[in-house]
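Below is one structure, written out as structure tokens; the observations come after it.
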Amino acid sequence: MLSIRLYTTAALLLMGLVAHGQSPVIPLDSVLQRISRSNPMLREFESRAKAQNAMAEGARSQMAPMVGAGVFMYPYPGQMEMEGQDDAMFMTAVEQEITNPAKLRAREKYQLSKSAIEEAGRDKAFNQLRAQAKTAYYQWVVLEKKKSVLLENQRIMQFMLKLGKVRYPYNQSSLGSIYKAEGRLGEVENMLVMNDSEIIRMNIQLNMLMNLPPETRFRIDTTAQAPKPTVLPDTAYLSAARSDIRQLDRTIESMRLNLRLENMQRKPDFGIRFENMMPRDRMMPQSFTLMGMVSIPIAPWSSKMYKSNIKAMDFEIQGMQKGRESLLNEAQAMVATMAQEFQTKQTQVRNYETKIIPALRRNYETTMLSYEQNTSQLPLVIDAWEALNMAQMEYLNNLEQLYLIGVNYEKELEK
């Protein structure tokens with residue numbers, strides 16, 4: 001109850017900040033917690049699990065009793081009745097079928113196993129949604145970094161354009177170079193518009209995952225670090241970590257319980273029938289009939305059905321076990337591949353950060369200094385700026401790929 005109150009208070013605070021024009025900063029952990037609590041798809045799985053538990057509560061119920069009333073050896077109308085032979089009676093009957101208790105217990109366990117499958121399905125769905133949220137969040141982080149680069153580029157191009165226009169009357173700059181700078185400035189402004197549109201799209205996608213109104217606006221933590229592979233897990237670790245494996249295990253367990261339930265069909269069921277007969281002649285005594293009944297499921301003409309079902313279920317379980325092994329091998333190979341890709345991409349990103357971008361920035365600064373000292377031309381400055389800008393954008397694209405590889409790695413490990 002306390003967690004629900006805290007969650008409601010946080011949601012109201014978020015809506016209040018948005019209503020007053022303030023954009024709150026929401027870290028990734030808070031986004032994932034909101035998705036876990038409020039996403040409609042996850043709540044659907046929770047309702048399904050509750051439904052299976054509710055059905056299991058009645059799994060041990062017996063069949064409803066049957067009651068009846070009628071006549072016994074009553075003559076048809078118009079027929080002559082023999083004196084001293086009035087055997088006609090009024091009759092009431094109660095009948096109850098009693099299912100074998102072992103069958104009821106097996107049915108209850110099988111029904112409860114379906115709830116466990118739904119719970120594992122909920123974890124599997126949350127893993128998918130968590131990966132989608134991380135992808136959108138990290139893409140938003142990269143878009144914010146791109147926005148900073150574009151704003152800096154806009155400032156640089158405005159400065160170069162202004163400087164070119166000042167020098168043009170003194171024949172220190174050409175008209176073509178001014179037009180080229182204007183064109184590059186327009187391209188940067190277009191990229192800013194597209195970048196802002198992508199940021200809003202990521203915002204709306206996260207709102208959808210968190211079950212918030214699409215118009216809700218918030219900011220993100222731009223200092224979020226890319227997830228890093230730590231160890232290469234074995235199949236035992238994957239079996240315990242992955243929800244799809246757990247769902248498969250619970251499905252196999254449910255099938256085994258269903259197989260056990262089918263095996264119980266060879267056990268007999270019972271029945272009891274009570275009949276009370278009241279003669280028309282009040283001088284005659286009342287009589288009753290009490291019968292106990294038992295089914296014989298091992299009869300050859302009735303046992304063939306459950307025996308064939310047992311055989312089919314056994315083959316299905318064997319097939320699912322082979323599928324589980326295949327899924328584990330595939331997951332282990334995929335995780336190892338992603339770890340190698342992450343290391344390669346991390347090296348490329350580090351080279352951009354420590355070698356490529358610093359060298360191109362020094363080249364641009366040197367060219368810009370020469371232009372300010374009137375020893376270089378504006379087209380050379382623009383070329384140096386374009387090389388730096390392309391390297392910065394390529395660096396951010398590689399950084400985004402690094403984030404996404406880390407997200408997919410954690411998705412495979414259910415982190």
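Letters A, B, ... mark the chains of the structure tokens in the order given; residue numbers begin at 1 per chain; ligand numbers begin at 1, in order shown.
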Compile a residue-level contact table for stretch 206-244 of chain A against stretch 141-146 of chain A at a cut-off of 9 Å, reporting for every qualifying residue the shortest atom pair and its distance in Å to one decimal, with only C-alpha atoms counted, rows ordered by chain and ascending number, as a tab-separated table.
residue	atom	partner	partner_atom	distance
A:Ile220	CA	A:Val141	CA	7.4
A:Asp221	CA	A:Val141	CA	7.6
A:Thr222	CA	A:Val141	CA	5.2
A:Thr223	CA	A:Val141	CA	8.0
A:Ala224	CA	A:Val141	CA	7.6
Applying 9 Å and only C-alpha atoms, which residues near A:Tyr371 remain after dropping the ones on its own chain fewer than 5 positions away? List them as an MDAnalysis selection string. chainID A and resid 366 376:378 380:381
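Near A:Ala331, within a cut-off of 12 Å and counting only C-alpha atoms, sit the residues Leu232, Pro233, Asp234, Thr235, Ala236, Tyr237, Leu238, Ser239, Ala241, Arg242, Asp244, Ile245, Arg324, Glu325, Ser326, Ala336, Thr337, Met338, Asn408, Tyr409, Glu410, Lys411, Glu412, Leu413 and Glu414 of chain A, with same-chain residues fewer than 5 positions away left out.
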So which one's closest to A:Ala384, A:Glu253, A:Glu152, A:Glu365, A:Asp269? Using only C-alpha atoms, please. A:Glu365
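Every protein or nucleic acid residue with an atom no more than 7 Å from A:Phe45, counting only C-alpha atoms and leaving out same-chain residues fewer than 5 positions away, appears here: Glu118, Glu119 and Arg122 of chain A.
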Residue among A:Pro101, A:Ile26, A:Tyr179, A:Lys114 lying closest to A:Ala51, counting only C-alpha atoms: A:Lys114
I'd like to know which of A:Val94, A:Ile200, A:Ala64, A:Ile405 is closest to A:Val335, using only C-alpha atoms. A:Ile405
